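Have a look at start.txt below; it lists compact mmCIF, C-alpha atoms.
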# COMPACT_ATOMS: atom_id res chain seq x y z
CA MET M 1 -11.72 -3.21 31.63
CA SER M 2 -14.36 -2.65 29.02
CA LYS M 3 -13.94 -4.54 25.78
CA PHE M 4 -15.35 -1.51 23.98
CA ALA M 5 -12.75 0.99 25.15
CA ASN M 6 -10.06 0.11 22.61
CA LYS M 7 -12.62 0.01 19.82
CA TYR M 8 -13.31 3.72 20.23
CA ASN M 9 -9.87 4.86 21.38
CA LYS M 10 -8.25 4.20 18.04
CA ASN M 11 -5.09 5.99 17.08
CA SER M 12 -3.74 6.41 13.60
CA ALA M 13 -1.13 3.96 12.48
CA HIS M 14 2.32 4.90 13.66
CA TYR M 15 5.08 3.65 11.38
CA THR M 16 8.80 3.74 12.07
CA TYR M 17 9.55 4.54 8.41
CA ILE M 18 11.10 7.95 7.80
CA PHE M 19 10.32 9.52 4.44
CA PRO M 20 13.43 10.28 2.37
CA ASP M 21 14.17 13.82 1.27
CA ASN M 22 13.63 13.06 -2.40
CA PRO M 23 11.32 10.08 -2.80
CA GLN M 24 10.42 8.73 -6.21
CA TYR M 25 6.67 8.35 -6.70
CA LYS M 26 5.90 5.41 -8.97
CA LYS M 27 2.73 3.92 -10.43
CA LEU M 28 2.19 0.16 -10.27
CA GLU M 29 2.47 0.11 -14.05
CA ASP M 30 6.00 1.55 -13.83
CA LEU M 31 7.11 -1.07 -11.28
CA TYR M 32 5.49 -4.16 -12.79
CA ASP M 33 8.01 -6.58 -14.32
CA SER M 34 6.38 -9.27 -16.46
CA LYS M 35 9.56 -11.36 -16.16
CA HIS M 36 9.22 -11.35 -12.36
CA PRO M 37 5.47 -11.09 -11.64
CA ASP M 38 5.88 -12.63 -8.17
CA LYS M 39 8.30 -9.95 -6.94
CA VAL M 40 7.35 -8.86 -3.44
CA TYR M 41 7.78 -5.21 -2.52
CA PRO M 42 8.13 -4.67 1.24
CA VAL M 43 5.62 -2.14 2.58
CA TYR M 44 7.09 0.32 5.07
CA GLY M 45 3.84 2.15 5.78
CA LEU M 46 0.38 2.85 4.41
CA TYR M 47 -0.74 6.45 4.06
CA ILE M 48 -3.57 8.46 2.55
CA ASN M 49 -2.40 11.46 0.55
CA THR M 50 -5.09 14.13 0.74
CA LYS M 51 -3.17 16.84 -1.10
CA GLY M 52 -3.35 15.48 -4.64
CA SER M 53 -5.27 16.94 -7.54
CA TYR M 54 -7.48 13.88 -7.85
CA GLY M 55 -8.74 13.47 -4.29
CA GLU M 56 -7.53 10.99 -1.72
CA GLN M 57 -4.88 8.54 -2.83
CA ALA M 58 -3.35 5.62 -0.97
CA ILE M 59 0.43 5.37 -1.01
CA ALA M 60 2.92 2.78 0.25
CA PRO M 61 6.62 3.46 0.78
CA THR M 62 8.93 0.64 -0.26
CA GLU M 63 12.63 -0.01 -0.82
CA ASN M 64 14.99 2.34 -2.68
CA SER M 65 13.12 5.51 -1.60
CA ILE M 66 10.12 4.61 -3.78
CA ILE M 67 6.61 5.64 -2.83
CA ILE M 68 4.05 3.48 -4.64
CA ASN M 69 0.88 5.23 -5.77
CA LEU M 70 -1.86 2.68 -5.15
CA PRO M 71 -5.04 2.53 -7.26
CA SER M 72 -8.03 4.58 -6.10
CA HIS M 73 -10.09 1.45 -5.46
CA LEU M 74 -7.76 0.68 -2.53
CA VAL M 75 -8.26 3.93 -0.59
CA ASP M 76 -11.01 2.53 1.66
CA VAL M 77 -9.11 -0.72 2.22
CA VAL M 78 -5.96 1.17 3.19
CA LYS M 79 -7.95 3.31 5.62
CA GLN M 80 -9.17 0.12 7.29
CA MET M 81 -5.69 -1.38 7.27
CA ARG M 82 -4.32 1.70 9.05
CA GLU M 83 -6.67 0.97 11.96
CA ASP M 84 -5.26 -2.53 12.45
CA SER M 85 -2.60 -2.45 15.19
CA GLU M 86 -1.38 -5.98 14.35
CA LEU M 87 -0.80 -4.97 10.74
CA THR M 88 1.00 -1.81 11.85
CA GLU M 89 3.29 -3.98 13.97
CA ALA M 90 3.92 -6.35 11.04
CA ILE M 91 4.78 -3.41 8.79
CA ASN M 92 7.18 -1.97 11.36
CA ASP M 93 8.79 -5.42 11.68
CA ASP M 94 9.25 -5.75 7.88
CA ARG M 95 6.77 -8.64 7.69
CA PHE M 96 4.29 -7.22 5.18
CA GLY M 97 4.48 -6.48 1.48
CA LEU M 98 2.68 -6.46 -1.82
CA LYS M 99 2.84 -8.04 -5.25
CA ILE M 100 1.67 -6.20 -8.32
CA THR M 101 -1.10 -7.93 -10.22
CA THR M 102 -2.59 -7.25 -13.62
CA TYR M 103 -6.09 -7.69 -14.95
CA GLN M 104 -8.29 -6.70 -17.84
CA ARG M 105 -11.88 -5.51 -17.69
CA ASN M 106 -14.52 -7.13 -19.86
CA GLY M 107 -14.31 -5.93 -23.43
CA GLN M 108 -11.18 -3.85 -22.91
CA ARG M 109 -7.69 -4.57 -24.14
CA ARG M 110 -6.03 -2.18 -21.71
CA THR M 111 -4.13 -3.72 -18.79
CA PHE M 112 -5.01 -2.53 -15.29
CA TYR M 113 -2.88 -2.91 -12.16
CA SER M 114 -3.67 -3.69 -8.55
CA VAL M 115 -1.94 -5.38 -5.63
CA GLU M 116 -2.02 -8.61 -3.71
CA TRP M 117 -1.07 -8.13 -0.07
CA VAL M 118 1.62 -10.54 1.13
CA ASP M 119 2.83 -11.70 4.54
CA ILE M 120 6.63 -11.82 4.60
CA ASP M 121 8.20 -14.48 6.80
Produce structure tokens that represent the structure in this file.
Amino acid sequence: MSKFANKYNKNSAHYTYIFPDNPQYKKLEDLYDSKHPDKVYPVYGLYINTKGSYGEQAIAPTENSIIINLPSHLVDVVKQMREDSELTEAINDDRFGLKITTYQRNGQRRTFYSVEWVDID
């Protein structure tokens, strides 16, 4: 068997998560809790929404019918993650999540939000 076959026979990630009828879309800013900055949100899938007004956006379903809108700087990373069959398996087995992180850019007082990916044991 050629070691190159699987490289070019990639399929999109296939998650077992079923979208709820009325999901709540939330920004990281809305979910961040400064009293519990280490809270881990389980990730039930990673998707690219192509139907938004602002171009492609990465989203991640989590508990309580919440769909997390991820920052635009993560779109390319999420596309790569969707190609990883081991990660897809971990997500389907509830072994992958994220923590919300904050940062500030040089010279700005505004707080920005991103994620730290987390393996869940």
- Tell me which of M:Ile66, M:Pro23, M:Ile18, M:Ala13 sits closest to Val78 of chain M, counting all atoms listed in the file.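 Closest to Val78 of chain M of all the choices is M:Ala13.
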Mind checking which residues fall within 10 Å of Tyr103 of chain M, counting all atoms listed in the file, ignoring those fewer than 2 positions away in the same chain, and posting them as a PyMOL selection string? chain M and resi 101+105-106+109-114
Using all atoms listed in the file and a cutoff of 12 Å, can you tell me which residues are near (9.6, -1.7, 3.3) in the file's coordinates, and write them out as a PDB file with C-alpha atoms, in the frame of the given file?
ATOM      1  CA  TYR M  15       5.080   3.650  11.380  1.00  0.00           C
ATOM      2  CA  THR M  16       8.800   3.740  12.070  1.00  0.00           C
ATOM      3  CA  TYR M  17       9.550   4.540   8.410  1.00  0.00           C
ATOM      4  CA  ILE M  18      11.100   7.950   7.800  1.00  0.00           C
ATOM      5  CA  PHE M  19      10.320   9.520   4.440  1.00  0.00           C
ATOM      6  CA  VAL M  40       7.350  -8.860  -3.440  1.00  0.00           C
ATOM      7  CA  TYR M  41       7.780  -5.210  -2.520  1.00  0.00           C
ATOM      8  CA  PRO M  42       8.130  -4.670   1.240  1.00  0.00           C
ATOM      9  CA  VAL M  43       5.620  -2.140   2.580  1.00  0.00           C
ATOM     10  CA  TYR M  44       7.090   0.320   5.070  1.00  0.00           C
ATOM     11  CA  GLY M  45       3.840   2.150   5.780  1.00  0.00           C
ATOM     12  CA  LEU M  46       0.380   2.850   4.410  1.00  0.00           C
ATOM     13  CA  ALA M  60       2.920   2.780   0.250  1.00  0.00           C
ATOM     14  CA  PRO M  61       6.620   3.460   0.780  1.00  0.00           C
ATOM     15  CA  THR M  62       8.930   0.640  -0.260  1.00  0.00           C
ATOM     16  CA  GLU M  63      12.630  -0.010  -0.820  1.00  0.00           C
ATOM     17  CA  ASN M  64      14.990   2.340  -2.680  1.00  0.00           C
ATOM     18  CA  SER M  65      13.120   5.510  -1.600  1.00  0.00           C
ATOM     19  CA  ILE M  66      10.120   4.610  -3.780  1.00  0.00           C
ATOM     20  CA  ILE M  67       6.610   5.640  -2.830  1.00  0.00           C
ATOM     21  CA  ILE M  68       4.050   3.480  -4.640  1.00  0.00           C
ATOM     22  CA  ALA M  90       3.920  -6.350  11.040  1.00  0.00           C
ATOM     23  CA  ILE M  91       4.780  -3.410   8.790  1.00  0.00           C
ATOM     24  CA  ASN M  92       7.180  -1.970  11.360  1.00  0.00           C
ATOM     25  CA  ASP M  93       8.790  -5.420  11.680  1.00  0.00           C
ATOM     26  CA  ASP M  94       9.250  -5.750   7.880  1.00  0.00           C
ATOM     27  CA  ARG M  95       6.770  -8.640   7.690  1.00  0.00           C
ATOM     28  CA  PHE M  96       4.290  -7.220   5.180  1.00  0.00           C
ATOM     29  CA  GLY M  97       4.480  -6.480   1.480  1.00  0.00           C
ATOM     30  CA  LEU M  98       2.680  -6.460  -1.820  1.00  0.00           C
ATOM     31  CA  ILE M 120       6.630 -11.820   4.600  1.00  0.00           C
TER      32      ILE M 120
END
Restricting to all atoms listed in the file, whichever of M:Val75, M:His14, M:Lys99, M:Asn22 is closest to Thr50 of chain M is M:Val75
Expressed in Å, the length from atom CA of Ile59 of chain M to atom CA of Gln104 of chain M is 22.5 Å
One residue among M:Ser34, M:Gln80, M:Thr88, M:Asn69 is nearest to Asn49 of chain M when using all atoms listed in the file, and that residue is M:Asn69
query: Please, what distance in Å, to one decimal, runs between atom CA of Ala58 of chain M and atom CA of Leu70 of chain M?
result: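 Taking atom CA of Ala58 of chain M and atom CA of Leu70 of chain M, their separation equals 5.3 Å.
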Padding 6 Å on each side, edges along x, y and z: where is the centre of the box around the listed atoms of segment 12-31 of chain M, and how long are its edges in Å to one decimal? Output it as JSON.
{"center_x": 5.2, "center_y": 6.4, "center_z": -0.2, "size_x": 29.9, "size_y": 26.9, "size_z": 39.7}
re atom CA of Gly55 of chain M and atom CA of Ser72 of chain M: distance 9.1 Å
With distances taken over all atoms listed in the file, which residue among M:Lys79, M:Leu87, M:Trp117, M:Glu56 lies nearest Lys39 of chain M?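 Among M:Lys79, M:Leu87, M:Trp117, M:Glu56, it is M:Trp117 that comes nearest to Lys39 of chain M.
Using all atoms listed in the file, the shortest contact distance between Asp38 of chain M and any of M:Ile100, M:Gly107, M:Val115, M:Ser53 is found at M:Ile100.
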